[in-house]
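File shown here: coords_31.txt, holding compact mmCIF, C-alpha atoms.
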```
# COMPACT_ATOMS: atom_id res chain seq x y z
CA MET J 134 -15.59 13.99 7.76
CA PRO J 135 -14.45 13.47 11.36
CA LEU J 136 -10.81 12.69 12.07
CA ALA J 137 -11.77 9.27 13.46
CA LEU J 138 -12.65 8.13 9.94
CA TYR J 139 -9.10 8.80 8.81
CA ALA J 140 -7.88 6.67 11.70
CA LEU J 141 -9.96 3.80 10.35
CA THR J 142 -8.56 4.51 6.89
CA ALA J 143 -5.02 4.18 8.26
CA GLY J 144 -5.87 0.77 9.71
CA ALA J 145 -7.42 -0.32 6.42
CA PHE J 146 -4.26 0.80 4.59
CA GLY J 147 -1.98 -1.31 6.79
CA ILE J 148 -4.22 -4.38 6.46
CA GLY J 149 -4.39 -3.98 2.69
CA VAL J 150 -0.61 -3.76 2.35
CA THR J 151 0.11 -6.83 4.46
CA GLU J 152 -2.44 -8.91 2.52
CA PHE J 153 -1.35 -8.05 -1.01
CA VAL J 154 2.35 -7.17 -0.82
CA ILE J 155 3.41 -10.80 -0.61
CA MET J 156 2.46 -11.25 -4.31
CA GLY J 157 5.37 -9.09 -5.43
CA LEU J 158 7.79 -10.81 -3.04
CA LEU J 159 7.09 -14.48 -3.79
CA LEU J 160 10.40 -15.02 -5.57
CA ASP J 161 12.34 -13.36 -2.73
CA VAL J 162 10.54 -15.27 0.02
CA GLY J 163 10.89 -18.58 -1.81
CA ALA J 164 14.61 -18.08 -2.44
CA ASP J 165 15.32 -17.02 1.16
CA LEU J 166 13.35 -19.80 2.83
CA GLY J 167 14.24 -22.50 0.32
CA VAL J 168 10.70 -23.25 -0.91
CA SER J 169 9.16 -23.34 -4.39
CA THR J 170 7.22 -20.48 -5.90
CA SER J 171 3.94 -22.37 -5.51
CA ALA J 172 4.71 -23.09 -1.84
CA ALA J 173 5.38 -19.39 -1.30
CA GLY J 174 2.06 -18.72 -3.04
CA PHE J 175 0.30 -20.80 -0.40
CA LEU J 176 1.14 -17.98 2.04
CA ILE J 177 -1.69 -16.09 0.33
CA SER J 178 -4.00 -19.07 0.84
CA GLY J 179 -3.00 -19.27 4.51
CA TYR J 180 -3.77 -15.60 5.04
CA ALA J 181 -7.12 -15.92 3.27
CA ILE J 182 -8.10 -18.96 5.33
CA GLY J 183 -7.21 -16.99 8.45
CA VAL J 184 -9.65 -14.28 7.35
CA VAL J 185 -12.37 -16.85 6.64
CA ILE J 186 -12.00 -18.39 10.11
CA GLY J 187 -11.26 -15.23 12.04
CA ALA J 188 -13.89 -12.91 10.58
CA PRO J 189 -17.04 -14.63 11.88
CA LEU J 190 -15.31 -16.09 14.96
CA LEU J 191 -13.93 -12.81 16.32
CA THR J 192 -17.07 -10.93 15.33
CA VAL J 193 -19.17 -13.28 17.48
CA LEU J 194 -16.68 -13.40 20.38
CA THR J 195 -16.39 -9.60 20.57
CA SER J 196 -20.06 -8.79 19.90
CA ARG J 197 -20.55 -7.57 23.50
CA TRP J 198 -17.38 -5.47 23.59
CA PRO J 199 -17.31 -1.70 22.98
CA ARG J 200 -16.43 -1.27 19.31
CA LYS J 201 -13.40 0.93 20.02
CA THR J 202 -12.01 -1.82 22.25
CA VAL J 203 -12.55 -4.32 19.44
CA LEU J 204 -10.69 -2.13 16.95
CA LEU J 205 -7.76 -1.65 19.32
CA ALA J 206 -7.54 -5.39 20.03
CA LEU J 207 -7.60 -6.13 16.30
CA MET J 208 -4.80 -3.67 15.60
CA GLY J 209 -2.83 -5.36 18.41
CA ILE J 210 -3.25 -8.73 16.64
CA PHE J 211 -2.23 -7.08 13.36
CA ILE J 212 0.97 -5.67 14.88
CA ALA J 213 1.90 -8.95 16.57
CA GLY J 214 1.29 -10.91 13.36
CA ASN J 215 3.44 -8.65 11.17
CA LEU J 216 6.20 -8.61 13.77
CA ALA J 217 6.14 -12.41 13.75
CA CYS J 218 6.31 -12.37 9.92
CA ALA J 219 9.39 -10.15 10.00
CA LEU J 220 11.13 -12.47 12.50
CA ALA J 221 9.95 -15.86 11.19
CA PRO J 222 13.02 -18.08 10.60
CA THR J 223 11.19 -20.84 8.73
CA TYR J 224 8.42 -21.24 6.18
CA GLY J 225 6.12 -22.94 8.71
CA LEU J 226 6.44 -20.12 11.24
CA LEU J 227 5.90 -17.54 8.51
CA MET J 228 2.70 -19.34 7.50
CA ALA J 229 1.51 -19.37 11.13
CA ALA J 230 2.29 -15.66 11.45
CA ARG J 231 0.34 -14.88 8.27
CA VAL J 232 -2.69 -16.75 9.59
CA LEU J 233 -2.45 -14.87 12.90
CA THR J 234 -2.27 -11.53 11.09
CA ALA J 235 -5.31 -12.44 8.99
CA PHE J 236 -7.50 -12.87 12.06
CA ALA J 237 -7.68 -9.09 12.37
CA HIS J 238 -8.72 -8.52 8.76
CA GLY J 239 -12.40 -9.39 8.35
CA THR J 240 -13.60 -8.20 11.73
CA PHE J 241 -11.73 -4.88 11.38
CA PHE J 242 -13.55 -4.10 8.15
CA GLY J 243 -16.86 -5.41 9.46
CA VAL J 244 -16.77 -3.50 12.75
CA GLY J 245 -14.97 -0.52 11.19
CA ALA J 246 -17.77 -0.07 8.67
CA VAL J 247 -20.33 0.01 11.49
CA VAL J 248 -18.23 2.52 13.46
CA ALA J 249 -17.84 4.68 10.34
CA THR J 250 -21.62 4.94 9.91
CA ARG J 251 -22.00 5.92 13.58
CA LEU J 252 -19.62 8.85 13.18
CA VAL J 253 -21.60 10.75 10.55
CA PRO J 254 -25.19 11.82 9.81
CA ALA J 255 -27.46 9.38 8.00
CA ASP J 256 -27.00 11.10 4.63
CA LYS J 257 -23.21 10.58 4.76
CA LYS J 258 -23.03 6.93 5.77
CA ALA J 259 -22.10 5.63 2.32
CA SER J 260 -19.41 8.28 1.97
CA ALA J 261 -18.02 7.37 5.39
CA ILE J 262 -17.70 3.69 4.46
CA ALA J 263 -16.15 4.64 1.12
CA LEU J 264 -13.59 6.81 2.90
CA MET J 265 -12.59 3.98 5.21
CA PHE J 266 -12.19 1.56 2.28
CA THR J 267 -10.06 4.15 0.52
CA GLY J 268 -7.28 2.87 2.76
CA LEU J 269 -7.53 -0.50 1.02
CA THR J 270 -7.44 1.18 -2.39
CA VAL J 271 -4.42 3.33 -1.52
CA ALA J 272 -2.71 0.21 -0.20
CA ASN J 273 -2.95 -1.33 -3.66
CA ILE J 274 -1.97 1.82 -5.54
CA LEU J 275 0.96 2.95 -3.38
CA GLY J 276 1.54 0.64 -0.44
CA VAL J 277 1.97 -2.62 -2.35
CA PRO J 278 4.34 -1.24 -5.04
CA LEU J 279 6.40 0.59 -2.39
CA GLY J 280 6.43 -2.48 -0.15
CA THR J 281 7.52 -4.63 -3.09
CA TRP J 282 10.31 -2.19 -3.95
CA LEU J 283 11.45 -2.07 -0.32
CA GLY J 284 11.42 -5.86 -0.02
CA GLN J 285 13.40 -6.33 -3.22
CA SER J 286 15.91 -3.63 -2.22
CA ALA J 287 16.43 -4.37 1.48
CA GLY J 288 15.07 -7.91 1.87
CA TRP J 289 11.49 -9.09 2.15
CA ARG J 290 11.56 -8.90 5.95
CA SER J 291 12.04 -5.13 5.78
CA THR J 292 8.58 -4.83 4.24
CA PHE J 293 6.97 -6.53 7.23
CA TRP J 294 8.98 -4.34 9.61
CA ALA J 295 7.61 -1.31 7.77
CA VAL J 296 4.04 -2.61 7.93
CA THR J 297 4.49 -3.24 11.67
CA VAL J 298 5.40 0.43 12.10
CA VAL J 299 2.28 1.39 10.10
CA GLY J 300 0.23 -0.80 12.45
CA VAL J 301 1.66 0.90 15.54
CA ALA J 302 0.85 4.31 14.06
CA ALA J 303 -2.68 3.20 13.17
CA LEU J 304 -3.20 1.82 16.69
CA ALA J 305 -2.14 5.15 18.19
CA VAL J 306 -4.41 7.17 15.90
CA VAL J 307 -7.41 4.89 16.54
CA ALA J 308 -6.82 5.12 20.31
CA TRP J 309 -6.65 8.91 20.11
CA ALA J 310 -9.26 9.79 17.46
CA VAL J 311 -12.05 7.19 17.65
CA PRO J 312 -14.54 8.20 20.36
CA ARG J 313 -15.30 5.87 23.23
CA ASP J 314 -18.53 3.95 23.04
CA GLY J 315 -20.33 1.90 25.63
CA LYS J 316 -21.12 -1.76 25.35
CA PRO J 317 -23.82 -2.57 22.77
CA GLU J 318 -27.22 -2.27 24.39
CA GLN J 319 -28.19 -5.63 23.00
CA ALA J 320 -25.73 -7.97 21.31
CA ASP J 321 -26.82 -9.51 18.05
CA ASP J 322 -28.19 -13.04 18.26
CA TRP J 323 -25.52 -14.78 16.18
CA ARG J 324 -27.64 -17.91 15.83
CA ALA J 325 -30.44 -15.89 14.21
CA ASP J 326 -27.84 -14.08 12.12
CA LEU J 327 -26.46 -17.38 10.85
CA ARG J 328 -29.97 -18.53 9.94
CA ALA J 329 -30.46 -15.32 7.95
CA LEU J 330 -27.09 -15.76 6.25
CA GLY J 331 -27.93 -19.39 5.48
CA ARG J 332 -30.77 -18.48 3.14
CA ARG J 333 -30.34 -19.75 -0.43
CA PRO J 334 -30.01 -16.32 -2.13
CA VAL J 335 -27.27 -15.35 0.34
CA LEU J 336 -25.36 -18.61 -0.10
CA LEU J 337 -25.54 -18.35 -3.90
CA GLY J 338 -24.30 -14.78 -3.69
CA LEU J 339 -21.41 -15.79 -1.46
CA LEU J 340 -20.55 -18.68 -3.78
CA THR J 341 -20.49 -16.27 -6.72
CA THR J 342 -18.07 -14.05 -4.81
CA VAL J 343 -15.82 -16.99 -3.92
CA LEU J 344 -15.63 -18.30 -7.49
CA GLY J 345 -15.15 -14.85 -9.05
CA TYR J 346 -12.25 -13.95 -6.81
CA ALA J 347 -10.67 -17.38 -7.13
CA GLY J 348 -10.09 -16.51 -10.78
CA VAL J 349 -8.48 -13.19 -9.87
CA PHE J 350 -6.07 -14.63 -7.32
CA ALA J 351 -5.15 -17.70 -9.34
CA VAL J 352 -3.34 -15.15 -11.53
CA PHE J 353 -2.54 -12.25 -9.20
CA THR J 354 -0.84 -14.51 -6.66
CA TYR J 355 1.72 -15.53 -9.28
CA ILE J 356 1.98 -12.20 -11.10
CA ALA J 357 5.73 -11.93 -10.35
CA PRO J 358 6.75 -15.28 -11.91
CA LEU J 359 4.30 -14.75 -14.78
CA LEU J 360 5.88 -11.41 -15.70
CA THR J 361 9.48 -12.54 -15.19
CA GLN J 362 9.37 -16.04 -16.64
CA ILE J 363 6.81 -15.64 -19.44
CA THR J 364 6.93 -11.95 -20.38
CA GLY J 365 10.66 -11.77 -19.72
CA LEU J 366 10.65 -8.66 -17.55
CA SER J 367 13.14 -8.05 -14.77
CA GLU J 368 12.17 -8.51 -11.14
CA ALA J 369 12.75 -4.78 -10.59
CA ALA J 370 9.93 -4.04 -13.05
CA ILE J 371 7.32 -5.78 -10.88
CA SER J 372 6.88 -2.88 -8.47
CA PRO J 373 5.98 -0.20 -11.08
CA ILE J 374 3.78 -2.67 -12.95
CA LEU J 375 1.76 -3.17 -9.77
CA LEU J 376 0.93 0.54 -10.01
CA LEU J 377 -0.94 -0.30 -13.22
CA PHE J 378 -2.91 -2.95 -11.38
CA GLY J 379 -3.73 -0.43 -8.64
CA GLY J 380 -4.86 2.14 -11.20
CA GLY J 381 -7.09 -0.42 -12.87
CA LEU J 382 -8.44 -1.33 -9.44
CA VAL J 383 -9.59 2.25 -8.79
CA VAL J 384 -11.22 2.62 -12.21
CA GLY J 385 -12.95 -0.75 -11.96
CA ASN J 386 -14.19 -0.12 -8.43
CA LEU J 387 -15.68 3.26 -9.31
CA LEU J 388 -17.18 1.98 -12.56
CA GLY J 389 -18.62 -1.11 -10.88
CA GLY J 390 -20.21 1.04 -8.17
CA ARG J 391 -21.87 3.39 -10.65
CA LEU J 392 -23.15 0.57 -12.81
CA ALA J 393 -24.45 -1.30 -9.75
CA ASP J 394 -26.35 1.82 -8.63
CA ARG J 395 -28.04 2.04 -12.02
CA ALA J 396 -28.80 -1.66 -12.60
CA LEU J 397 -27.54 -4.21 -10.10
CA VAL J 398 -28.12 -7.48 -11.95
CA PRO J 399 -26.69 -6.36 -15.33
CA ALA J 400 -23.67 -4.92 -13.50
CA MET J 401 -23.07 -8.19 -11.66
CA ILE J 402 -23.43 -10.34 -14.79
CA GLY J 403 -21.48 -7.93 -17.00
CA SER J 404 -18.54 -7.63 -14.59
CA LEU J 405 -18.18 -11.42 -14.39
CA VAL J 406 -18.27 -11.67 -18.19
CA ALA J 407 -15.59 -8.97 -18.43
CA LEU J 408 -13.39 -10.76 -15.88
CA THR J 409 -13.69 -14.05 -17.76
CA LEU J 410 -12.72 -12.43 -21.06
CA VAL J 411 -9.74 -10.61 -19.53
CA LEU J 412 -8.36 -13.84 -18.06
CA ILE J 413 -8.80 -15.65 -21.39
CA VAL J 414 -7.00 -12.89 -23.30
CA MET J 415 -4.28 -12.52 -20.67
CA GLY J 416 -2.63 -15.84 -21.59
CA PRO J 417 -1.41 -14.78 -25.04
CA ALA J 418 -1.03 -11.14 -23.91
CA LEU J 419 1.72 -12.09 -21.43
CA HIS J 420 4.04 -12.99 -24.31
CA GLY J 421 4.49 -9.32 -25.25
CA THR J 422 5.72 -6.52 -22.99
CA TRP J 423 3.15 -3.86 -23.88
CA THR J 424 0.26 -6.30 -24.14
CA ALA J 425 1.23 -7.71 -20.73
CA LEU J 426 1.12 -4.21 -19.21
CA VAL J 427 -2.34 -3.60 -20.65
CA ALA J 428 -3.51 -7.01 -19.43
CA VAL J 429 -2.37 -6.30 -15.87
CA ALA J 430 -4.26 -2.97 -15.83
CA LEU J 431 -7.36 -4.62 -17.28
CA LEU J 432 -7.14 -7.41 -14.69
CA GLY J 433 -7.28 -4.82 -11.90
CA ALA J 434 -10.22 -3.05 -13.52
CA ALA J 435 -12.17 -6.24 -14.25
CA ALA J 436 -11.46 -7.76 -10.85
CA PHE J 437 -12.65 -4.81 -8.79
CA SER J 438 -15.60 -3.97 -11.04
CA THR J 439 -17.16 -7.12 -9.56
CA VAL J 440 -16.77 -5.94 -5.95
CA PRO J 441 -19.59 -3.34 -5.61
CA PRO J 442 -22.33 -5.38 -7.36
CA LEU J 443 -21.41 -8.56 -5.49
CA GLN J 444 -21.31 -6.73 -2.15
CA VAL J 445 -24.66 -5.06 -2.75
CA TRP J 446 -26.24 -8.32 -3.90
CA VAL J 447 -25.05 -10.33 -0.89
CA LEU J 448 -25.87 -7.67 1.70
CA SER J 449 -29.32 -7.05 0.22
CA LYS J 450 -30.11 -10.77 0.43
CA ALA J 451 -28.70 -10.96 3.97
CA GLU J 452 -31.36 -8.61 5.29
CA GLY J 453 -32.16 -9.53 8.89
CA ALA J 454 -28.63 -10.55 9.83
CA GLY J 455 -26.50 -8.41 12.15
CA GLU J 456 -24.63 -5.80 10.15
CA SER J 457 -21.20 -6.60 11.60
CA LEU J 458 -21.54 -10.35 10.99
CA ALA J 459 -22.97 -9.86 7.50
CA SER J 460 -20.07 -7.56 6.60
CA SER J 461 -17.49 -9.98 7.98
CA PHE J 462 -19.00 -12.93 6.11
CA ASN J 463 -18.83 -10.96 2.87
CA ILE J 464 -15.15 -10.19 3.51
CA ALA J 465 -14.61 -13.87 4.33
CA ALA J 466 -16.15 -14.90 0.99
CA PHE J 467 -13.72 -12.74 -0.96
CA ASN J 468 -10.80 -14.21 0.95
CA LEU J 469 -12.00 -17.78 0.54
CA GLY J 470 -11.83 -17.06 -3.18
CA ASN J 471 -8.30 -15.75 -2.67
CA ALA J 472 -7.29 -19.00 -0.95
CA LEU J 473 -8.93 -21.20 -3.57
CA GLY J 474 -7.35 -19.26 -6.43
CA ALA J 475 -3.84 -19.31 -4.96
CA LEU J 476 -4.17 -23.05 -4.31
CA ALA J 477 -5.45 -23.76 -7.82
CA GLY J 478 -2.69 -21.73 -9.43
CA GLY J 479 -0.07 -23.53 -7.36
CA LEU J 480 -1.44 -26.93 -8.38
CA VAL J 481 -1.36 -25.95 -12.05
CA ILE J 482 2.29 -24.92 -11.69
CA ASP J 483 3.44 -27.95 -9.68
CA ARG J 484 1.25 -30.80 -10.91
CA GLY J 485 -0.49 -29.47 -13.99
CA PRO J 486 0.64 -28.18 -17.36
CA GLY J 487 2.72 -25.37 -15.83
CA LEU J 488 2.89 -21.62 -15.27
CA ALA J 489 1.83 -20.70 -18.82
CA PHE J 490 -1.58 -22.31 -18.26
CA VAL J 491 -2.45 -20.50 -15.03
CA THR J 492 -4.50 -17.79 -16.77
CA TRP J 493 -6.51 -20.32 -18.77
CA THR J 494 -7.33 -22.26 -15.61
CA ALA J 495 -8.19 -19.04 -13.78
CA ALA J 496 -10.80 -18.15 -16.41
CA LEU J 497 -12.83 -21.22 -15.46
CA PHE J 498 -13.62 -19.75 -12.03
CA PRO J 499 -15.45 -16.55 -13.10
CA LEU J 500 -17.17 -18.63 -15.80
CA ALA J 501 -18.53 -20.86 -13.03
CA ALA J 502 -19.37 -17.74 -10.98
CA LEU J 503 -21.34 -16.42 -13.94
CA ALA J 504 -23.40 -19.64 -14.08
CA VAL J 505 -24.12 -19.42 -10.33
CA ALA J 506 -25.07 -15.73 -10.60
CA ILE J 507 -27.51 -16.41 -13.43
CA LEU J 508 -29.05 -19.25 -11.40
CA ALA J 509 -29.35 -16.97 -8.35
CA VAL J 510 -31.05 -14.24 -10.37
CA ARG J 511 -33.52 -16.68 -11.93
CA LEU J 512 -34.40 -18.23 -8.58
CA ASP J 513 -34.76 -14.77 -7.05
CA ARG J 514 -37.18 -13.72 -9.79
CA GLN J 515 -39.22 -16.89 -9.28
CA ARG J 516 -39.71 -16.20 -5.58
CA PRO J 517 -42.49 -13.58 -5.98
CA ALA J 518 -44.25 -15.83 -8.48
CA ASP J 519 -43.90 -18.83 -6.18
CA SER J 520 -45.24 -16.76 -3.28
CA ALA J 521 -48.19 -15.60 -5.37
CA ALA J 522 -48.92 -19.16 -6.50
CA ALA J 523 -48.76 -20.36 -2.90
CA LEU J 524 -51.14 -17.59 -1.89
CA ASP J 525 -53.52 -18.59 -4.67
CA ARG J 526 -53.35 -22.20 -3.53
CA ARG J 527 -54.08 -21.19 0.06
CA SER J 528 -56.97 -19.02 -1.12
CA GLY J 529 -58.33 -21.85 -3.26
CA ALA J 530 -58.07 -24.25 -0.35
CA ALA J 531 -59.89 -21.77 1.88
CA VAL J 532 -62.70 -21.39 -0.65
CA ALA J 533 -63.01 -25.15 -1.02
CA CYS J 534 -63.05 -25.56 2.75
CA ALA J 535 -65.78 -22.93 3.08
CA ALA J 536 -67.80 -24.63 0.36
CA ASN J 537 -67.50 -27.99 2.12
CA LEU J 538 -68.59 -26.44 5.40
CA GLU J 539 -71.59 -24.83 3.71
CA ALA J 540 -72.52 -28.15 2.09
CA ALA J 541 -72.22 -29.90 5.45
CA ARG J 542 -74.68 -27.43 6.93
```
In structure tokens, what does this structure look like?
Amino acid sequence: MPLALYALTAGAFGIGVTEFVIMGLLLDVGADLGVSTSAAGFLISGYAIGVVIGAPLLTVLTSRWPRKTVLLALMGIFIAGNLACALAPTYGLLMAARVLTAFAHGTFFGVGAVVATRLVPADKKASAIALMFTGLTVANILGVPLGTWLGQSAGWRSTFWAVTVVGVAALAVVAWAVPRDGKPEQADDWRADLRALGRRPVLLGLLTTVLGYAGVFAVFTYIAPLLTQITGLSEAAISPILLLFGGGLVVGNLLGGRLADRALVPAMIGSLVALTLVLIVMGPALHGTWTALVAVALLGAAAFSTVPPLQVWVLSKAEGAGESLASSFNIAAFNLGNALGALAGGLVIDRGPGLAFVTWTAALFPLAALAVAILAVRLDRQRPADSAAALDRRSGAAVACAANLEAAR
């Protein structure tokens, strides 16, 4: 694999850390800025909303730029956003900085995936994309636990200073290793792309993604208070426990990919069923130390087993849309789920029955996603039959018309 791919991997690592590390630092951020745990949790929602807005917007605005220039500009936004997070004196400014940082997220992965496929022969395109997304996986396995440990040891701002340094290093490597490319010969027609992405199968697929990941982040956003206040673990234990989540993430991602390659629809339905069951069981499991550890690992596995089948389903139904915009919309759907889940969990804590009921509420989201997925599959299977019936009707009308013409003669 060319060195440029590892440059993209470095960028993906930094973006992954800055998105997820805040989960382990909610208690620290809330205490330092004088806000509640649920208000600190809304920093995840703010970031996710920034991805949802920024992904399609920046993809369209930069569609005529050379892709290397786009990547460098995005890393510049990433660095500026994390620097602003490290310096933010108030909760409002920290929220604004998180939203700014998020603008780089979706477009980086969308454009980066396209660049990755351009760097290798056709038979290595999937491996190239997988290598780039390894940065996101490593961020969850190592970056997030280390960032959590650093933030708890030296203050939460130190984590964002460290991520800023990672961003500067990634910018330098991208500038040096990624080859220059000219302007796209013909920019994608974003209006036509949006029409392709607005088809019913695509929208149902995106809705399934949103609802599925809302369930994951309704719990994962508040994993620190859940483990400290319900399980009774110390705050110092959060960082190593996040390693379990990262390990489950890797297993679930690989398993979901293999199952999706063999049978896409069963993999999609089965992964959503598994996620629902894990969230239901997680409520009582949090009351014991060892059962809580197992539940966290299973949450990572169940959550990321849904990613490959949902990605394949959405992208296959988005055929005809520009690849960069389709990729960015898919990333936006996951992050919209993140925002919805963090918001729902916060409302349950502040205005609902309380922290202990977050997992039960979270289970409702993948259950709804399962219903939408089943509907999407049924409608998709009806399409060939509907097309055949329409063809038969047109043929019958043609025969009748011919018969009428013959009678008129």
**OP:** Select, from J:Phe462, J:Phe266, J:Trp446, J:Phe211, the residue with the minimum atom-to-atom distance to Asp513 (chain J), counting only C-alpha atoms.
**Re:** J:Trp446
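Distances from J:Gly174, J:Gly209, J:Gly338, J:Gly179 to Ala509 (chain J) were compared using all atoms listed in the file, and the smallest one belongs to J:Gly338.
Counting only C-alpha atoms, Val248 (chain J) has the following residues at most 10 Å away, ignoring those fewer than 2 positions along the same chain: Ala137, Leu138, Leu141, Arg200, Lys201, Leu204, Phe242, Gly243, Val244, Gly245, Ala246, Thr250, Arg251, Leu252, Val253, Ala261, Ile262, Val311, Pro312, Asp314 and Ser457 of chain J.
As for CA of Leu397 (chain J) and CA of Leu330 (chain J), they are spaced 20.0 Å apart.
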**OP:** Determine, counting all atoms listed in the file, which protein, DNA and RNA residues have an atom within 12 Å of an atom of Leu220 (chain J); residues of the same chain fewer than 4 positions away are not included. Present the result as a PyMOL selection string.
**Re:** chain J and resi 213-216+224+226-231+289-294+297
Region 378-383 of chain J: which residues within 8 Å, counting only C-alpha atoms, same-chain residues fewer than 6 positions away excluded, as a PDB file with C-alpha atoms, keeping the file's coordinate frame?
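Output below, filename selection-v7.pdb:
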```pdb
ATOM      1  CA  THR J 270      -7.440   1.180  -2.390  1.00  0.00           C
ATOM      2  CA  ASN J 273      -2.950  -1.330  -3.660  1.00  0.00           C
ATOM      3  CA  ILE J 274      -1.970   1.820  -5.540  1.00  0.00           C
ATOM      4  CA  LEU J 275       0.960   2.950  -3.380  1.00  0.00           C
ATOM      5  CA  VAL J 429      -2.370  -6.300 -15.870  1.00  0.00           C
ATOM      6  CA  ALA J 430      -4.260  -2.970 -15.830  1.00  0.00           C
ATOM      7  CA  LEU J 431      -7.360  -4.620 -17.280  1.00  0.00           C
ATOM      8  CA  LEU J 432      -7.140  -7.410 -14.690  1.00  0.00           C
ATOM      9  CA  GLY J 433      -7.280  -4.820 -11.900  1.00  0.00           C
ATOM     10  CA  ALA J 434     -10.220  -3.050 -13.520  1.00  0.00           C
ATOM     11  CA  ALA J 435     -12.170  -6.240 -14.250  1.00  0.00           C
ATOM     12  CA  ALA J 436     -11.460  -7.760 -10.850  1.00  0.00           C
ATOM     13  CA  PHE J 437     -12.650  -4.810  -8.790  1.00  0.00           C
ATOM     14  CA  SER J 438     -15.600  -3.970 -11.040  1.00  0.00           C
TER      15      SER J 438
END
```
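Excluding Glu152 (chain J) itself and any same-chain residue fewer than 3 positions from it, the protein and nucleic acid residues within 9 Å of it, counting all atoms listed in the file, are Gly147, Ile148, Gly149, Ile155, Met156, Ile177, Tyr180, Ala181, Arg231, Thr234, Ala235 and His238 of chain J.
With distances restricted to only C-alpha atoms, J:Thr281 is the closest residue to Glu368 (chain J) from J:Asn471, J:Thr281, J:Ser196, J:Ser178.
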**OP:** Identify which of the residues J:Val335, J:Leu207, J:Ala295, J:Ala272 lies closest to Val445 (chain J), counting all atoms listed in the file when measuring atom-to-atom distances.
**Re:** J:Val335
Emit region 382-393 of chain J of the structure in the block as a file comprising N, CA, C and O atoms, as a PDB file, in the first residue's frame.
```pdb
ATOM      1  N   LEU J 382     -15.585  -3.410  19.307  1.00  0.00           N
ATOM      2  CA  LEU J 382     -15.771  -2.681  18.050  1.00  0.00           C
ATOM      3  C   LEU J 382     -15.084  -3.400  16.887  1.00  0.00           C
ATOM      4  O   LEU J 382     -15.672  -3.596  15.816  1.00  0.00           O
ATOM      5  N   VAL J 383     -13.825  -3.801  17.101  1.00  0.00           N
ATOM      6  CA  VAL J 383     -13.065  -4.462  16.031  1.00  0.00           C
ATOM      7  C   VAL J 383     -13.715  -5.783  15.653  1.00  0.00           C
ATOM      8  O   VAL J 383     -13.922  -6.093  14.472  1.00  0.00           O
ATOM      9  N   VAL J 384     -14.063  -6.577  16.675  1.00  0.00           N
ATOM     10  CA  VAL J 384     -14.681  -7.886  16.412  1.00  0.00           C
ATOM     11  C   VAL J 384     -16.002  -7.711  15.676  1.00  0.00           C
ATOM     12  O   VAL J 384     -16.286  -8.399  14.683  1.00  0.00           O
ATOM     13  N   GLY J 385     -16.829  -6.784  16.162  1.00  0.00           N
ATOM     14  CA  GLY J 385     -18.131  -6.564  15.531  1.00  0.00           C
ATOM     15  C   GLY J 385     -18.015  -6.059  14.112  1.00  0.00           C
ATOM     16  O   GLY J 385     -18.771  -6.491  13.226  1.00  0.00           O
ATOM     17  N   ASN J 386     -17.062  -5.168  13.863  1.00  0.00           N
ATOM     18  CA  ASN J 386     -16.882  -4.619  12.524  1.00  0.00           C
ATOM     19  C   ASN J 386     -16.463  -5.698  11.529  1.00  0.00           C
ATOM     20  O   ASN J 386     -17.003  -5.792  10.424  1.00  0.00           O
ATOM     21  N   LEU J 387     -15.497  -6.529  11.943  1.00  0.00           N
ATOM     22  CA  LEU J 387     -15.034  -7.606  11.064  1.00  0.00           C
ATOM     23  C   LEU J 387     -16.143  -8.635  10.835  1.00  0.00           C
ATOM     24  O   LEU J 387     -16.356  -9.098   9.708  1.00  0.00           O
ATOM     25  N   LEU J 388     -16.840  -9.002  11.919  1.00  0.00           N
ATOM     26  CA  LEU J 388     -17.908  -9.991  11.796  1.00  0.00           C
ATOM     27  C   LEU J 388     -19.044  -9.461  10.933  1.00  0.00           C
ATOM     28  O   LEU J 388     -19.571 -10.181  10.071  1.00  0.00           O
ATOM     29  N   GLY J 389     -19.417  -8.192  11.160  1.00  0.00           N
ATOM     30  CA  GLY J 389     -20.486  -7.602  10.351  1.00  0.00           C
ATOM     31  C   GLY J 389     -20.122  -7.543   8.883  1.00  0.00           C
ATOM     32  O   GLY J 389     -20.972  -7.772   8.014  1.00  0.00           O
ATOM     33  N   GLY J 390     -18.853  -7.254   8.577  1.00  0.00           N
ATOM     34  CA  GLY J 390     -18.416  -7.218   7.182  1.00  0.00           C
ATOM     35  C   GLY J 390     -18.488  -8.574   6.520  1.00  0.00           C
ATOM     36  O   GLY J 390     -18.958  -8.710   5.380  1.00  0.00           O
ATOM     37  N   ARG J 391     -18.035  -9.610   7.219  1.00  0.00           N
ATOM     38  CA  ARG J 391     -18.071 -10.960   6.635  1.00  0.00           C
ATOM     39  C   ARG J 391     -19.498 -11.436   6.430  1.00  0.00           C
ATOM     40  O   ARG J 391     -19.826 -12.036   5.406  1.00  0.00           O
ATOM     41  N   LEU J 392     -20.348 -11.189   7.415  1.00  0.00           N
ATOM     42  CA  LEU J 392     -21.738 -11.615   7.280  1.00  0.00           C
ATOM     43  C   LEU J 392     -22.450 -10.851   6.168  1.00  0.00           C
ATOM     44  O   LEU J 392     -23.267 -11.419   5.431  1.00  0.00           O
ATOM     45  N   ALA J 393     -22.130  -9.555   6.033  1.00  0.00           N
ATOM     46  CA  ALA J 393     -22.752  -8.756   4.977  1.00  0.00           C
ATOM     47  C   ALA J 393     -22.310  -9.226   3.601  1.00  0.00           C
ATOM     48  O   ALA J 393     -23.083  -9.182   2.636  1.00  0.00           O
TER      49      ALA J 393
END
```
